[in-house]
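Engineer: Contents of my_file_14.txt (compact mmCIF, C-alpha atoms and all ligand atoms) are given next:
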# COMPACT_ATOMS: atom_id res chain seq x y z
CA MET A 28 136.15 108.36 65.48
CA SER A 29 133.01 106.95 67.05
CA ASN A 30 130.49 108.78 69.14
CA LEU A 31 129.49 106.42 71.91
CA SER A 32 127.05 108.68 73.70
CA ALA A 33 125.05 109.51 70.58
CA SER A 34 125.00 105.88 69.59
CA GLN A 35 123.17 104.93 72.75
CA SER A 36 120.12 107.00 71.89
CA LEU A 37 117.90 103.99 71.38
CA PRO A 38 115.23 102.70 70.81
CA LEU A 39 115.40 102.27 67.09
CA GLU A 40 112.63 102.82 64.64
CA ILE A 41 111.82 100.41 61.87
CA LEU A 42 114.31 100.68 59.03
CA ASP A 43 113.45 101.71 55.46
CA ARG A 44 115.80 99.52 53.41
CA SER A 45 115.66 101.98 50.46
CA ALA A 46 116.73 99.21 48.11
CA HIS A 47 116.23 101.49 45.09
CA ARG A 48 119.09 103.70 46.35
CA ARG A 49 121.74 100.97 46.42
CA ARG A 50 122.78 101.61 42.80
CA GLU A 51 123.05 105.38 43.32
CA SER A 52 126.72 105.48 44.23
CA GLU A 53 126.79 109.28 44.56
CA TRP A 54 123.82 109.20 46.96
CA ILE A 55 125.48 106.41 48.97
CA ARG A 56 128.72 108.43 49.14
CA ARG A 57 126.76 111.41 50.43
CA GLN A 58 125.18 109.29 53.15
CA LEU A 59 128.64 108.10 54.19
CA SER A 60 129.81 111.71 54.46
CA GLN A 61 126.94 112.70 56.75
CA SER A 62 127.92 110.86 59.94
CA PRO A 63 125.86 107.73 59.34
CA GLU A 64 125.42 105.05 61.97
CA PHE A 65 127.17 101.72 61.75
CA ILE A 66 126.54 98.24 63.03
CA PHE A 67 129.97 96.64 63.35
CA VAL A 68 130.62 92.93 63.14
CA TRP A 69 133.89 91.25 64.06
CA LYS A 70 134.41 87.53 63.45
CA GLU A 71 130.65 86.92 63.48
CA CYS A 72 130.22 88.76 66.79
CA ASN A 73 128.15 91.92 67.29
CA LEU A 74 129.19 95.00 69.25
CA PHE A 75 127.64 95.70 72.66
CA SER A 76 128.28 98.25 75.35
CA THR A 77 129.66 96.92 78.62
CA ALA A 78 127.74 99.44 80.69
CA GLN A 79 125.69 98.11 83.57
CA GLU A 80 122.79 97.73 81.18
CA LYS A 81 124.39 95.97 78.22
CA ARG A 82 123.02 97.28 74.91
CA PRO A 83 123.85 96.85 71.22
CA LEU A 84 125.96 99.71 69.89
CA PHE A 85 124.96 101.57 66.74
CA LEU A 86 127.88 103.92 66.32
CA GLU A 87 127.70 107.34 64.72
CA VAL A 88 130.77 107.53 62.46
CA PRO A 89 131.83 111.00 61.28
CA ASP A 90 134.73 109.76 59.11
CA ALA A 91 133.17 106.75 57.44
CA ALA A 92 135.51 106.99 54.43
CA ARG A 93 138.04 105.03 56.53
CA ILE A 94 135.80 102.02 56.67
CA LEU A 95 136.39 99.26 54.15
CA ASN A 96 133.39 97.90 52.23
CA PRO A 97 130.52 99.52 54.10
CA ILE A 98 127.18 97.82 53.49
CA PHE A 99 124.15 100.10 53.22
CA LEU A 100 121.34 98.74 55.38
CA GLY A 101 118.77 101.54 54.99
CA VAL A 102 117.48 104.78 56.39
CA ARG A 103 116.14 105.10 59.90
CA ALA A 104 112.91 106.98 60.58
CA ASN A 105 114.98 109.93 61.86
CA GLY A 106 116.61 110.22 58.40
CA VAL A 107 120.00 108.84 59.43
CA SER A 108 121.46 106.18 57.16
CA LEU A 109 122.54 102.91 58.70
CA PHE A 110 125.45 100.83 57.42
CA ALA A 111 127.12 97.59 58.45
CA ALA A 112 130.83 96.83 58.31
CA ASP A 113 132.92 93.80 59.12
CA LEU A 114 136.15 94.41 61.06
CA SER A 115 137.31 90.80 60.91
CA LEU A 116 140.57 91.76 59.16
CA ARG A 117 141.68 92.95 62.62
CA SER A 118 143.02 89.80 64.17
CA THR A 119 142.13 90.59 67.78
CA GLU A 120 139.08 92.06 69.45
CA GLU A 121 141.27 94.78 70.99
CA GLU A 122 142.48 95.87 67.52
CA ALA A 123 138.92 95.96 66.21
CA LEU A 124 137.79 98.03 69.21
CA ALA A 125 140.81 100.35 68.93
CA PHE A 126 139.85 101.10 65.31
CA LEU A 127 136.57 102.42 66.76
CA THR A 128 138.40 104.28 69.56
CA LEU A 129 136.82 101.87 72.02
CA ASN A 130 138.27 99.44 74.50
CA THR A 131 136.99 96.49 76.49
CA ASP A 132 135.95 98.76 79.37
CA LEU A 133 133.40 100.36 77.03
CA ALA A 134 132.38 97.66 74.58
CA ARG A 135 132.82 94.02 73.60
CA PHE A 136 132.19 91.92 70.52
CA VAL A 137 129.92 89.11 71.66
CA PRO A 138 128.32 86.19 69.75
CA LEU A 139 124.70 87.21 69.34
CA ARG A 140 123.37 83.93 70.70
CA GLN A 141 125.32 84.47 73.93
CA PHE A 142 124.24 88.07 74.52
CA ASP A 143 122.35 88.34 77.79
CA GLY A 144 121.64 92.09 78.03
CA MET A 145 118.72 94.14 76.75
CA LEU A 146 117.64 93.77 73.13
CA SER A 147 114.41 95.04 71.57
CA SER A 148 112.83 93.17 68.67
CA GLU A 149 113.84 96.03 66.32
CA GLU A 150 117.45 95.92 67.50
CA ARG A 151 117.50 92.16 67.13
CA ALA A 152 116.20 92.44 63.57
CA LEU A 153 118.91 94.97 62.64
CA LEU A 154 121.70 92.90 64.22
CA PHE A 155 120.45 89.85 62.30
CA TYR A 156 120.42 91.84 59.06
CA ALA A 157 123.98 93.17 59.55
CA ARG A 158 125.31 89.81 60.64
CA ALA A 159 123.76 87.98 57.68
CA LEU A 160 125.27 90.38 55.15
CA ALA A 161 128.70 90.39 56.82
CA HIS A 162 128.71 86.60 56.77
CA TRP A 163 127.71 86.54 53.11
CA HIS A 164 130.48 89.00 52.18
CA ASP A 165 132.98 86.74 53.89
CA GLU A 166 131.65 83.64 52.11
CA GLN A 167 131.46 85.32 48.70
CA ARG A 168 134.99 86.75 48.46
CA PHE A 169 135.60 84.53 45.44
CA CYS A 170 133.44 83.86 42.44
CA GLY A 171 131.66 80.53 42.66
CA ARG A 172 131.74 80.20 38.88
CA CYS A 173 135.40 80.97 37.98
CA GLY A 174 137.25 81.37 41.29
CA HIS A 175 138.42 84.96 40.76
CA PRO A 176 138.08 87.50 43.59
CA THR A 177 134.83 89.45 43.86
CA LEU A 178 134.21 93.08 44.76
CA PRO A 179 131.08 94.56 46.36
CA GLU A 180 128.65 96.57 44.24
CA GLU A 181 125.26 98.16 44.89
CA ALA A 182 126.29 99.38 48.33
CA GLY A 183 127.33 95.88 49.35
CA HIS A 184 124.25 93.96 48.17
CA VAL A 185 125.96 92.43 45.11
CA MET A 186 129.36 90.73 44.95
CA ALA A 187 130.65 91.04 41.38
CA CYS A 188 133.31 88.82 39.84
CA THR A 189 136.43 90.80 38.81
CA ASN A 190 137.21 88.47 35.91
CA PRO A 191 135.98 90.33 32.79
CA ASP A 192 135.48 87.01 30.95
CA CYS A 193 133.09 85.90 33.69
CA GLY A 194 131.34 88.96 35.11
CA ALA A 195 129.06 86.90 37.37
CA LYS A 196 127.02 88.82 39.91
CA HIS A 197 126.39 87.11 43.21
CA PHE A 198 123.46 87.99 45.46
CA PRO A 199 122.94 87.39 49.19
CA ARG A 200 121.74 83.90 50.00
CA THR A 201 118.98 82.93 52.37
CA ASP A 202 118.38 79.23 52.89
CA PRO A 203 114.74 78.33 53.61
CA ALA A 204 114.34 75.92 56.49
CA THR A 205 111.22 74.46 58.05
CA ILE A 206 110.61 74.36 61.79
CA MET A 207 107.50 72.65 63.05
CA LEU A 208 105.61 71.77 66.15
CA VAL A 209 103.95 68.40 65.63
CA HIS A 210 101.07 67.80 67.99
CA SER A 211 98.43 65.22 68.82
CA ILE A 212 95.40 65.89 71.00
CA ASP A 213 97.31 66.63 74.19
CA HIS A 214 100.98 66.07 73.37
CA CYS A 215 103.60 67.73 71.23
CA LEU A 216 106.67 66.20 69.63
CA LEU A 217 110.12 67.51 70.55
CA GLY A 218 113.58 66.22 69.77
CA ARG A 219 117.15 66.90 70.80
CA ARG A 220 120.48 66.95 69.01
CA SER A 221 123.43 65.34 70.73
CA PHE A 222 125.42 68.59 70.97
CA TRP A 223 122.66 70.58 72.68
CA PRO A 224 122.92 71.29 76.42
CA GLU A 225 121.72 68.44 78.59
CA GLY A 226 117.95 68.27 79.04
CA ILE A 227 117.13 70.57 76.11
CA TYR A 228 114.51 69.45 73.58
CA SER A 229 113.00 71.60 70.87
CA THR A 230 110.88 71.55 67.74
CA LEU A 231 111.95 69.50 64.73
CA ALA A 232 113.53 71.44 61.88
CA GLY A 233 115.23 70.92 58.55
CA PHE A 234 116.15 72.57 55.28
CA VAL A 235 113.91 72.72 52.25
CA GLU A 236 115.48 70.72 49.41
CA PRO A 237 115.72 71.84 45.77
CA GLY A 238 112.50 71.24 43.86
CA GLU A 239 110.48 70.73 47.02
CA ARG A 240 107.43 72.62 48.28
CA VAL A 241 107.85 73.83 51.82
CA GLU A 242 104.88 71.74 53.01
CA GLU A 243 106.52 68.66 51.50
CA ALA A 244 109.69 69.52 53.42
CA VAL A 245 107.70 69.64 56.68
CA TYR A 246 106.19 66.21 56.00
CA ARG A 247 109.53 64.71 54.92
CA GLU A 248 111.58 66.15 57.81
CA VAL A 249 109.10 65.00 60.46
CA LYS A 250 109.01 61.52 58.94
CA GLU A 251 112.82 61.35 58.67
CA GLU A 252 113.50 62.60 62.18
CA SER A 253 110.69 60.89 64.09
CA GLY A 254 108.95 58.34 61.89
CA ILE A 255 105.70 60.27 62.50
CA GLU A 256 103.37 61.05 59.60
CA VAL A 257 101.58 64.40 59.70
CA LYS A 258 98.58 66.12 58.12
CA ASN A 259 96.96 69.59 58.39
CA ILE A 260 100.25 71.44 57.97
CA ARG A 261 99.56 75.06 58.89
CA TYR A 262 101.86 78.04 58.47
CA PHE A 263 102.60 79.95 61.67
CA GLY A 264 105.19 82.61 60.85
CA SER A 265 108.83 83.13 59.95
CA GLN A 266 112.06 84.30 61.50
CA PRO A 267 115.42 85.16 59.93
CA TRP A 268 118.05 83.01 61.61
CA PRO A 269 121.45 84.23 60.42
CA PHE A 270 123.48 81.38 61.95
CA PRO A 271 124.64 81.55 59.30
CA GLN A 272 121.97 82.31 56.68
CA SER A 273 118.61 80.64 57.24
CA LEU A 274 115.03 81.81 57.08
CA MET A 275 113.02 79.67 59.47
CA LEU A 276 109.47 78.98 58.25
CA GLY A 277 107.35 77.89 61.18
CA PHE A 278 104.46 75.40 60.98
CA PHE A 279 102.09 73.43 63.10
CA ALA A 280 101.38 69.89 61.93
CA GLU A 281 98.95 67.33 63.29
CA ALA A 282 100.28 63.84 63.93
CA GLU A 283 98.55 61.01 62.09
CA THR A 284 100.65 58.28 63.68
CA LYS A 285 102.05 57.83 67.20
CA ASP A 286 104.97 55.42 67.14
CA ILE A 287 108.33 57.13 67.09
CA ILE A 288 111.38 55.95 65.16
CA CYS A 289 114.21 58.35 66.01
CA GLY A 290 116.10 59.40 62.88
CA ALA A 291 119.88 59.64 62.45
CA GLU A 292 120.06 63.41 62.97
CA LEU A 293 118.58 63.38 66.47
CA GLU A 294 119.76 61.85 69.71
CA ASP A 295 116.21 61.48 70.99
CA VAL A 296 112.67 62.46 70.06
CA ARG A 297 109.59 61.97 72.21
CA TRP A 298 106.09 63.15 73.07
CA PHE A 299 105.68 65.88 75.72
CA ASP A 300 102.43 66.51 77.59
CA LEU A 301 101.31 70.06 78.39
CA SER A 302 103.14 70.38 81.71
CA GLU A 303 106.34 68.88 80.27
CA ALA A 304 106.11 71.26 77.31
CA LYS A 305 105.72 74.21 79.70
CA GLU A 306 108.84 73.12 81.59
CA MET A 307 110.80 72.73 78.34
CA LEU A 308 109.67 76.19 77.25
CA ARG A 309 111.09 77.59 80.48
CA ARG A 310 114.43 75.88 79.79
CA LEU A 311 114.48 77.08 76.16
CA GLU A 312 113.92 80.65 77.29
CA GLY A 313 117.24 80.45 79.12
CA ARG A 314 119.11 79.12 76.11
CA PHE A 315 119.25 82.17 73.79
CA PRO A 316 117.67 84.64 76.20
CA GLN A 317 117.37 87.62 73.87
CA LEU A 318 116.47 85.94 70.59
CA ASP A 319 112.86 84.81 71.21
CA THR A 320 113.31 81.97 68.74
CA ILE A 321 110.49 80.77 66.56
CA ALA A 322 110.82 77.35 68.24
CA ARG A 323 109.87 78.98 71.53
CA ARG A 324 107.05 80.91 69.91
CA LEU A 325 105.63 77.72 68.40
CA ILE A 326 105.73 75.86 71.72
CA ARG A 327 104.39 78.89 73.62
CA HIS A 328 101.49 79.23 71.20
CA TRP A 329 100.63 75.56 71.55
CA VAL A 330 100.90 75.70 75.35
CA GLU A 331 98.81 78.87 75.62
CA THR A 332 96.03 77.92 73.27
CA SER A 333 96.10 74.12 73.60
CA ILE A 334 95.78 73.98 69.86
CA THR A 335 94.75 70.59 68.63
CA PHE A 336 93.55 71.17 65.07
CA HIS A 337 91.90 67.87 65.73
CA GLY A 338 89.32 67.22 63.11
ZN ZN B 1 133.71 84.72 37.99
Taking this structure as input, can you express it in the form of structure tokens?
Ligand SMILES: [Zn+2]
Structural biologist:
Amino acid sequence: MSNLSASQSLPLEILDRSAHRRRESEWIRRQLSQSPEFIFVWKECNLFSTAQEKRPLFLEVPDAARILNPIFLGVRANGVSLFAADLSLRSTEEEALAFLTLNTDLARFVPLRQFDGMLSSEERALLFYARALAHWHDEQRFCGRCGHPTLPEEAGHVMACTNPDCGAKHFPRTDPATIMLVHSIDHCLLGRRSFWPEGIYSTLAGFVEPGERVEEAVYREVKEESGIEVKNIRYFGSQPWPFPQSLMLGFFAEAETKDIICGAELEDVRWFDLSEAKEMLRRLEGRFPQLDTIARRLIRHWVETSITFHG
């Protein structure tokens, strides 16, 4: 069913999500009949080749009608449509691979955070996108309002309640979370959670609460986790983080106070000087080697530019 050799013709171009096409069921059906490419997910793992150079697999699927609940992701620059599908109904990895006429000599389903092969930023973005939607489908199998089963609509971007008296439409969720590098003149503030590998510290982070501005969340989270008060909160950039469904919003913040009171969520939080921060960056780069996390980018930016924002 799958065409492994064609699927390895990477790199990928940026995807056109073609959101306006999702309601055009006839157009979607036509895309499915024209050997589209698929990103397969199985039990929250992504599919990678096991060749010497491990790569993500985007499989060309000539008989896509066999695939349950395909999710339309968009159209690649070469005109080929890209879909995602979750094979988690197959109870073992071997069964999921066999459905794709693959076996463990050719491919494996691997948790994305553990993948240690080659991954371009475009590939990473597409794997995140597919994983996020597959996770949401799994979470939204039942209506949150009335409890009846849901069915996908709009090429998998809506989950609709099957109870005619309810009719609720559910949309994919993304939870905004803040992640921030707090700094003083020549130190930055890093913390660690008890379940992280030994010796790993990273930026503080926390979810935005209902009714809260994101800058208020930065201030509150830093205060809760470290006792430090901050000012000059400056936006840095964002990163989808589909573990399971966050959007990380990165900030720099300047410390106004120095004395740390470690909050309940962290095992430890402390100030790092430039050389210590460089060493921690090196350790963090080994943690999720292919994901170039926004935490790393924040620390790297601070290390490289010695940003102080000191007024
Ligand atoms: Zn309902």
Engineer: Return as a list in words the residues of protein, DNA or RNA that approach ligand ZN 1 (chain B) to within 8 Å, with only C-alpha atoms and all ligand atoms taken into account.
Structural biologist: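 If we count only C-alpha atoms and all ligand atoms, the neighbours of ligand ZN 1 (chain B) turn out to be Phe169, Cys170, Gly171, Arg172, Cys173, Gly174, His175, Pro176, Thr177, Ala187, Cys188, Thr189, Asn190, Pro191, Asp192, Cys193, Gly194 and Ala195 of chain A.
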Engineer: Which residues are close to Glu239 (chain A), i.e. within 12 Å by all atoms listed in the file, leaving aside same-chain residues fewer than 5 positions away? Reply as a PyMOL selection string.
Structural biologist: chain A and resi 203-205+234+244-248
Engineer: If you count only C-alpha atoms, which residues fall within 8 Å of Thr284 (chain A), apart from same-chain ones fewer than 3 positions away, as a VMD selection string?
Structural biologist: chain A and resid 255 to 257
Engineer: Could you write those residues out with C-alpha atoms, as a PDB file, in the coordinates of the input?
Structural biologist:
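Output file again-v7.pdb is given in full below:
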ATOM      1  CA  ILE A 255     105.700  60.270  62.500  1.00  0.00           C
ATOM      2  CA  GLU A 256     103.370  61.050  59.600  1.00  0.00           C
ATOM      3  CA  VAL A 257     101.580  64.400  59.700  1.00  0.00           C
TER       4      VAL A 257
END
Engineer: Just want the 7 Å neighbourhood of Cys215 (chain A), counted on only C-alpha atoms, with same-chain residues fewer than 3 positions away dropped. Output as a PyMOL selection string.
Structural biologist: chain A and resi 208-211+298-300
Engineer: Per residue of region 128-169 of chain A within 7 Å of region 74-92 of chain A, note the shortest atom pair and the distance in Å to one decimal, counting all atoms listed in the file, and order the rows by chain and increasing residue number, as a Markdown table.
Structural biologist:
| residue | atom | partner | partner_atom | distance |
| --- | --- | --- | --- | --- |
| A:Asp132 | CA | A:Thr77 | CA | 6.6 |
| A:Leu133 | CA | A:Thr77 | CA | 5.3 |
| A:Ala134 | CA | A:Ser76 | CA | 4.2 |
| A:Arg135 | CA | A:Phe75 | CA | 5.5 |
| A:Phe136 | CA | A:Leu74 | CA | 4.5 |
| A:Val137 | CA | A:Leu74 | CA | 6.4 |
| A:Gly144 | CA | A:Lys81 | CA | 4.8 |
| A:Met145 | CA | A:Arg82 | CA | 5.6 |
| A:Leu146 | CA | A:Arg82 | CA | 6.7 |
Engineer: Please list, as a list in words, the residues that have an atom at most 10 Å away from (139.8, 97.2, 70.7) in the coordinates of this file, counting all atoms listed in the file.
Structural biologist: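 Those residues lying close to the given coordinates are Arg117, Thr119, Glu120, Glu121, Glu122, Ala123, Leu124, Ala125, Phe126, Leu127, Thr128, Leu129, Asn130, Thr131, Asp132, Leu133, Ala134, Arg135 and Phe136 of chain A.
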Engineer: Name the closest residue to Pro179 (chain A) among the candidates A:Phe99, A:Phe270, A:Tyr156, A:Phe278; distances are taken between atoms, counting all atoms listed in the file.
Structural biologist: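 The closest residue to Pro179 (chain A) is A:Phe99.
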Engineer: My list of candidates is A:Thr201, A:Gln58, A:Ser333, A:Gln141. Which is closest to Gly313 (chain A) when distances are computed with all atoms listed in the file?
Structural biologist: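 Ranked by minimum distance to Gly313 (chain A), first place goes to A:Gln141.
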Engineer: For Ile98 (chain A), list every protein, DNA or RNA residue within 8 Å, evaluated using only C-alpha atoms, and leave out those in the same chain fewer than 6 positions away; present the list as a list in words.
Structural biologist: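 Residues meeting the cut-off are Phe110, Ala111, Ala112, Leu160, Ala182, Gly183 and His184 of chain A.
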Engineer: One decimal, Å: what's the distance from CA of Pro224 (chain A) over to CA of Leu276 (chain A), could you say?
Structural biologist: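 Rounded to one decimal, the two atoms are 23.9 Å apart.
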Engineer: Skipping near chain neighbours, those fewer than 2 positions away, what residues fall within 10 Å of Ile55 (chain A) using all atoms listed in the file, listed as a ChimeraX atom specification?
Structural biologist: /A:48-53,57-60,97-99,108,181-182
Engineer: Can you work out which one of A:Val296, A:Val249, A:Ile288, A:Ala322 has the shortest atom-to-atom distance to Ser265 (chain A), counting all atoms listed in the file?
Structural biologist: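 Closest to Ser265 (chain A) of all the choices is A:Ala322.
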Engineer: Enumerate, as a PyMOL selection string, the protein, DNA and RNA residues whose atoms approach (128.4, 83.9, 47.1) to within 7 Å, taking into account all atoms listed in the file and the coordinate frame of the file.
Structural biologist: chain A and resi 163+166-167+170-171+197-199
Engineer: For those residues, write C-alpha atoms to a file as a PDB file, in the coordinates of the input.
Structural biologist:
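Written file, part_35.pdb:
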ATOM      1  CA  TRP A 163     127.710  86.540  53.110  1.00  0.00           C
ATOM      2  CA  GLU A 166     131.650  83.640  52.110  1.00  0.00           C
ATOM      3  CA  GLN A 167     131.460  85.320  48.700  1.00  0.00           C
ATOM      4  CA  CYS A 170     133.440  83.860  42.440  1.00  0.00           C
ATOM      5  CA  GLY A 171     131.660  80.530  42.660  1.00  0.00           C
ATOM      6  CA  HIS A 197     126.390  87.110  43.210  1.00  0.00           C
ATOM      7  CA  PHE A 198     123.460  87.990  45.460  1.00  0.00           C
ATOM      8  CA  PRO A 199     122.940  87.390  49.190  1.00  0.00           C
TER       9      PRO A 199
END
Engineer: Between CA of Gly226 (chain A) and CA of Gln317 (chain A), what is the distance, to one decimal in Å?
Structural biologist: 20.0 Å
Engineer: By how many Å are CA of Cys289 (chain A) and CA of Asn259 (chain A) apart?
Structural biologist: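 Computed distance, CA of Cys289 (chain A) to CA of Asn259 (chain A), equals 22.0 Å.
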Engineer: Under the rule that all atoms listed in the file are counted, which of A:Leu114, A:Ser45, A:Asn73, A:Ser147 is the nearest residue to Gly101 (chain A)?
Structural biologist: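 Ranking A:Leu114, A:Ser45, A:Asn73, A:Ser147 by distance to Gly101 (chain A), first place goes to A:Ser45.
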Engineer: Nearest to Arg220 (chain A) among A:Pro316, A:Ala291, A:Asp143, A:Ser62, with distances taken over only C-alpha atoms: which residue is it?
Structural biologist: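 When distances to Arg220 (chain A) are compared using only C-alpha atoms, the smallest one comes from A:Ala291.
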Engineer: Quick one: of A:Gly238, A:Pro271, A:Pro138, A:Gly233, who's nearest to Leu293 (chain A), counting all atoms listed in the file?
Structural biologist: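 Once distances to Leu293 (chain A) are computed over all atoms listed in the file, the minimum belongs to A:Gly233.
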Engineer: Would you fill the gaps in region 157-169 of chain A so it has N, CA and C atoms, then print it as a PDB file, keeping the file's coordinate frame?
Structural biologist:
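As a result, rebuild-v3.pdb now contains:
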ATOM      1  N   ALA A 157     122.556  92.839  59.709  1.00  0.00           N
ATOM      2  CA  ALA A 157     123.980  93.170  59.550  1.00  0.00           C
ATOM      3  C   ALA A 157     124.835  91.908  59.584  1.00  0.00           C
ATOM      4  N   ARG A 158     124.523  91.030  60.498  1.00  0.00           N
ATOM      5  CA  ARG A 158     125.310  89.810  60.640  1.00  0.00           C
ATOM      6  C   ARG A 158     125.195  88.927  59.405  1.00  0.00           C
ATOM      7  N   ALA A 159     123.977  88.815  58.863  1.00  0.00           N
ATOM      8  CA  ALA A 159     123.760  87.980  57.680  1.00  0.00           C
ATOM      9  C   ALA A 159     124.559  88.506  56.495  1.00  0.00           C
ATOM     10  N   LEU A 160     124.547  89.824  56.295  1.00  0.00           N
ATOM     11  CA  LEU A 160     125.270  90.380  55.150  1.00  0.00           C
ATOM     12  C   LEU A 160     126.783  90.292  55.349  1.00  0.00           C
ATOM     13  N   ALA A 161     127.257  90.513  56.560  1.00  0.00           N
ATOM     14  CA  ALA A 161     128.700  90.390  56.820  1.00  0.00           C
ATOM     15  C   ALA A 161     129.155  88.963  56.567  1.00  0.00           C
ATOM     16  N   HIS A 162     128.369  88.009  57.008  1.00  0.00           N
ATOM     17  CA  HIS A 162     128.710  86.600  56.770  1.00  0.00           C
ATOM     18  C   HIS A 162     128.752  86.302  55.279  1.00  0.00           C
ATOM     19  N   TRP A 163     127.754  86.803  54.548  1.00  0.00           N
ATOM     20  CA  TRP A 163     127.710  86.540  53.110  1.00  0.00           C
ATOM     21  C   TRP A 163     128.909  87.175  52.400  1.00  0.00           C
ATOM     22  N   HIS A 164     129.282  88.373  52.766  1.00  0.00           N
ATOM     23  CA  HIS A 164     130.480  89.000  52.180  1.00  0.00           C
ATOM     24  C   HIS A 164     131.702  88.111  52.388  1.00  0.00           C
ATOM     25  N   ASP A 165     131.828  87.578  53.574  1.00  0.00           N
ATOM     26  CA  ASP A 165     132.980  86.740  53.890  1.00  0.00           C
ATOM     27  C   ASP A 165     132.969  85.455  53.047  1.00  0.00           C
ATOM     28  N   GLU A 166     131.776  84.881  52.863  1.00  0.00           N
ATOM     29  CA  GLU A 166     131.650  83.640  52.110  1.00  0.00           C
ATOM     30  C   GLU A 166     131.809  83.848  50.601  1.00  0.00           C
ATOM     31  N   GLN A 167     131.542  85.057  50.139  1.00  0.00           N
ATOM     32  CA  GLN A 167     131.460  85.320  48.700  1.00  0.00           C
ATOM     33  C   GLN A 167     132.663  86.131  48.210  1.00  0.00           C
ATOM     34  N   ARG A 168     133.805  85.974  48.871  1.00  0.00           N
ATOM     35  CA  ARG A 168     134.990  86.750  48.460  1.00  0.00           C
ATOM     36  C   ARG A 168     135.522  86.288  47.117  1.00  0.00           C
ATOM     37  N   PHE A 169     135.162  85.060  46.732  1.00  0.00           N
ATOM     38  CA  PHE A 169     135.600  84.530  45.440  1.00  0.00           C
ATOM     39  C   PHE A 169     134.386  84.092  44.642  1.00  0.00           C
TER      40      PHE A 169
END
